[in-house]
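Below is model.csv, which holds CSV, C-alpha atoms.
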chain,number,residue,atom,x,y,z
A,1,VAL,CA,154.8,-4.3,-37.4
A,2,GLN,CA,156.2,-6.9,-39.7
A,3,LEU,CA,159.5,-8.6,-39.8
A,4,GLN,CA,160.6,-10.4,-43.0
A,5,ALA,CA,163.5,-12.8,-42.6
A,6,SER,CA,165.4,-14.1,-45.7
A,7,GLY,CA,168.7,-15.4,-46.8
A,8,GLY,CA,168.7,-19.0,-45.5
A,9,GLY,CA,169.9,-21.9,-47.5
A,10,SER,CA,172.2,-24.9,-47.6
A,11,VAL,CA,176.0,-24.6,-47.4
A,12,GLN,CA,178.9,-26.8,-46.6
A,13,ALA,CA,180.8,-26.5,-43.4
A,14,GLY,CA,183.2,-23.6,-43.5
A,15,GLY,CA,180.9,-21.6,-45.8
A,16,SER,CA,179.0,-18.4,-45.3
A,17,LEU,CA,175.5,-17.0,-45.5
A,18,ARG,CA,174.0,-13.6,-44.8
A,19,LEU,CA,170.5,-13.4,-43.3
A,20,SER,CA,168.4,-10.3,-43.6
A,21,CYS,CA,165.5,-9.1,-41.5
A,22,ALA,CA,163.5,-6.3,-43.0
A,23,LEU,CA,161.3,-4.2,-40.7
A,24,SER,CA,158.1,-2.6,-42.0
A,25,GLY,CA,154.8,-1.3,-40.8
A,26,ARG,CA,156.0,1.5,-38.5
A,27,THR,CA,159.1,3.6,-37.9
A,28,PHE,CA,160.8,3.5,-34.5
A,29,SER,CA,163.5,5.8,-33.2
A,30,SER,CA,165.0,3.2,-31.0
A,31,TYR,CA,164.7,-0.6,-30.8
A,32,VAL,CA,166.6,-3.8,-30.2
A,33,MET,CA,166.7,-6.4,-32.9
A,34,GLY,CA,167.7,-9.9,-32.2
A,35,TRP,CA,168.4,-13.2,-34.0
A,36,PHE,CA,167.5,-16.5,-32.5
A,37,ARG,CA,167.7,-20.1,-33.8
A,38,GLN,CA,165.9,-23.3,-33.2
A,39,ALA,CA,167.3,-26.7,-34.2
A,40,PRO,CA,164.9,-29.7,-34.5
A,41,GLY,CA,164.0,-31.0,-31.0
A,42,LYS,CA,165.7,-28.1,-29.2
A,43,GLU,CA,164.6,-24.9,-27.7
A,44,ARG,CA,164.9,-21.6,-29.4
A,45,GLU,CA,168.2,-20.0,-28.5
A,46,PHE,CA,169.7,-16.5,-28.7
A,47,VAL,CA,172.3,-15.8,-31.4
A,48,ALA,CA,172.9,-12.1,-31.6
A,49,ALA,CA,171.3,-8.7,-31.0
A,50,ILE,CA,171.9,-5.1,-32.0
A,51,ARG,CA,170.8,-2.0,-30.1
A,52,TRP,CA,169.8,0.6,-32.8
A,53,ARG,CA,170.3,3.6,-30.6
A,54,ASP,CA,174.1,3.2,-30.4
A,55,GLY,CA,174.9,0.2,-32.6
A,56,SER,CA,176.0,-2.0,-29.7
A,57,THR,CA,176.1,-5.6,-30.5
A,58,TYR,CA,175.7,-8.8,-28.4
A,59,TYR,CA,176.5,-12.4,-29.3
A,60,ALA,CA,176.1,-15.9,-27.9
A,61,ASP,CA,179.4,-17.5,-27.0
A,62,SER,CA,178.8,-20.2,-29.6
A,63,VAL,CA,178.9,-17.7,-32.5
A,64,LYS,CA,181.4,-15.0,-31.3
A,65,GLY,CA,184.1,-14.4,-33.9
A,66,ARG,CA,182.1,-16.1,-36.6
A,67,PHE,CA,178.8,-14.2,-36.9
A,68,THR,CA,178.3,-10.4,-37.2
A,69,ILE,CA,175.1,-8.5,-36.7
A,70,SER,CA,174.7,-5.2,-38.4
A,71,GLY,CA,172.0,-2.7,-39.4
A,72,ASP,CA,171.1,-0.6,-42.4
A,73,ASN,CA,169.1,2.4,-41.1
A,74,ALA,CA,168.1,3.6,-44.5
A,75,ARG,CA,166.5,0.2,-45.3
A,76,ASP,CA,165.3,-0.7,-41.8
A,77,THR,CA,167.1,-4.0,-42.2
A,78,VAL,CA,169.3,-6.0,-39.9
A,79,TYR,CA,171.8,-8.5,-41.2
A,80,LEU,CA,173.4,-11.5,-39.7
A,81,GLN,CA,176.6,-12.4,-41.5
A,82,MET,CA,177.5,-16.0,-40.7
A,83,ASN,CA,181.0,-17.2,-41.5
A,84,SER,CA,182.9,-20.4,-40.8
A,85,LEU,CA,179.6,-22.2,-40.5
A,86,LYS,CA,179.4,-25.5,-38.7
A,87,PRO,CA,176.9,-28.4,-38.9
A,88,GLU,CA,175.7,-27.4,-35.4
A,89,ASP,CA,174.6,-24.1,-36.8
A,90,THR,CA,171.9,-25.9,-38.7
A,91,ALA,CA,168.5,-24.5,-37.5
A,92,ASP,CA,165.6,-22.2,-38.4
A,93,TYR,CA,166.7,-18.7,-37.7
A,94,TYR,CA,164.2,-16.1,-36.5
A,95,CYS,CA,164.5,-12.3,-36.1
A,96,ALA,CA,162.7,-10.5,-33.4
A,97,ILE,CA,162.3,-6.9,-32.2
A,98,ASP,CA,161.7,-5.0,-29.0
A,99,THR,CA,160.1,-1.7,-30.2
A,100,ASN,CA,160.3,0.0,-26.8
A,101,PRO,CA,163.6,-0.9,-25.2
A,102,GLY,CA,163.8,2.2,-23.0
A,103,SER,CA,166.7,1.9,-20.6
A,104,ARG,CA,166.4,-1.8,-20.0
A,105,SER,CA,169.7,-3.6,-19.5
A,106,SER,CA,171.3,-5.6,-22.3
A,107,VAL,CA,171.1,-8.6,-20.0
A,108,TYR,CA,167.5,-9.0,-21.3
A,109,TYR,CA,168.4,-9.2,-24.9
A,110,SER,CA,169.1,-12.9,-24.9
A,111,ARG,CA,165.7,-13.7,-23.5
A,112,ARG,CA,162.9,-14.8,-25.9
A,113,ASN,CA,160.2,-13.1,-23.9
A,114,TYR,CA,162.0,-9.7,-24.1
A,115,TYR,CA,160.9,-9.2,-27.7
A,116,ASN,CA,157.4,-8.2,-28.7
A,117,TYR,CA,157.4,-9.0,-32.4
A,118,TRP,CA,158.8,-12.0,-34.3
A,119,GLY,CA,159.4,-12.8,-37.9
A,120,GLN,CA,159.0,-16.1,-39.6
A,121,GLY,CA,161.9,-18.4,-39.7
A,122,THR,CA,164.5,-18.9,-42.4
A,123,GLN,CA,166.1,-22.3,-42.6
A,124,VAL,CA,169.9,-22.7,-42.5
A,125,THR,CA,171.4,-26.1,-43.2
A,126,VAL,CA,175.1,-26.8,-42.9
A,127,SER,CA,176.5,-30.1,-44.1
A,128,SER,CA,179.8,-31.6,-43.1

Could you render the structure as C-alpha cells?
Amino acid sequence: VQLQASGGGSVQAGGSLRLSCALSGRTFSSYVMGWFRQAPGKEREFVAAIRWRDGSTYYADSVKGRFTISGDNARDTVYLQMNSLKPEDTADYYCAIDTNPGSRSSVYYSRRNYYNYWGQGTQVTVSS
C-alpha cells in the first residue's frame, strides 16, 4: 500500500490550497483516510478524516468551516481543500489510512496510532 501526498505550496493568509492523497498498491472496500499536520517543534496533530463506507467526515475544531475533506472513488484519491488559510496552518501535511476500520468508533480517527499506513509529507507555508 502506498500513499502519495501532493499539492503543498506557499500562499498568503486568506488563500487556498488543495492537497491530494492518492492510494495505490491494493484495493479496499472500506477504509478511513485521515490528514494530519506537523509544525516545526510540535507534535503531529489531526486535521480531518473521511470514512469511505458512507462518506462521513470529521474535522479538528481548528479547521472546521475552512477545510473540506472529500474523496474520488474512481481515482482512489482523497482531497483536502483548504480555504481561508492562516499562518498557523503552516506545517507538513501527511495523509494516512486505516485499511481495516471494521466497526471501530470514529472517536479513534483523530489518533495517530489508529492508522496503519502513512504517506510522505507535503509542505504548506502560509505567510501573513

Practice prompt. Pick out the residues sitting within 7 Å of Thr99 (chain A), and hand them over as a ChimeraX atom specification; count only C-alpha atoms, and ignore anything fewer than 3 positions along from it in its own chain.
Written response: /A:28,30-32

Item to complete: Find the residues near region 77-81 of chain A: any atom within 10 Å, counting all atoms listed in the file, skip ones fewer than 2 places away on the same chain, and give them as a ChimeraX atom specification.
Response: /A:3-7,16-24,33-35,47-50,52,66-75,83,95

Worksheet item: When you draw a straight line from CA of Val11 (chain A) to CA of Gln38 (chain A), how long is it in Å?
Response: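 If I compute the distance from CA of Val11 (chain A) to CA of Gln38 (chain A), I get 17.5 Å.
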
Practice prompt. For CA of Val124 (chain A) and CA of Asp61 (chain A), quote the distance in Å rounded to one decimal.
Written response: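 Computing the Euclidean distance for CA of Val124 (chain A) and CA of Asp61 (chain A) yields 18.9 Å.
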
Item to complete: Kindly give the distance, in Å, that separates CA of Val1 (chain A) and CA of Asp98 (chain A), rounded to a single decimal.
Response: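 Answer for the CA of Val1 (chain A) to CA of Asp98 (chain A) separation: 10.9 Å.
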
Item to complete: Determine the nearest neighbour of Gly41 (chain A) from the options A:Tyr115, A:Asp92, A:Thr122, A:Arg104, counting only C-alpha atoms.
Response: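 Nearest candidate to Gly41 (chain A) out of A:Tyr115, A:Asp92, A:Thr122, A:Arg104: A:Asp92.
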
Discussion item. Which residues are near Glu45 (chain A)? Cut-off 9 Å, only C-alpha atoms, ignore same chain within fewer than 3 positions. Put them as a list in words.
Written reply: Trp35, Phe36, Arg37, Gln38, Ala39, Lys42, Ala60, Ser110, Arg111 and Arg112 of chain A

Worksheet entry | Which of A:Gly25, A:Gly14, A:Pro40, A:Gly102 sits closest to Thr90 (chain A) [using only C-alpha atoms] | A:Pro40

Fill in: Which of A:Ser128, A:Ser56, A:Thr27, A:Ser84 sits closest to Tyr109 (chain A) [using only C-alpha atoms]
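Once distances to Tyr109 (chain A) are computed over only C-alpha atoms, the minimum belongs to A:Ser56.
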
Discussion item. Give me the residues near Ala13 (chain A) as JSON, numbers by chain, where near means some atom within 9 Å (using all atoms listed in the file) and where sequence neighbours in that chain fewer than 4 positions away do not count.
Written reply: {"A": [84, 85, 86, 87, 126, 127, 128]}

Worksheet item: For Ser103 (chain A), which of A:Arg53, A:Glu88, A:Asp76, A:Gln123 is the closest residue, counting all atoms listed in the file?
Response: A:Arg53
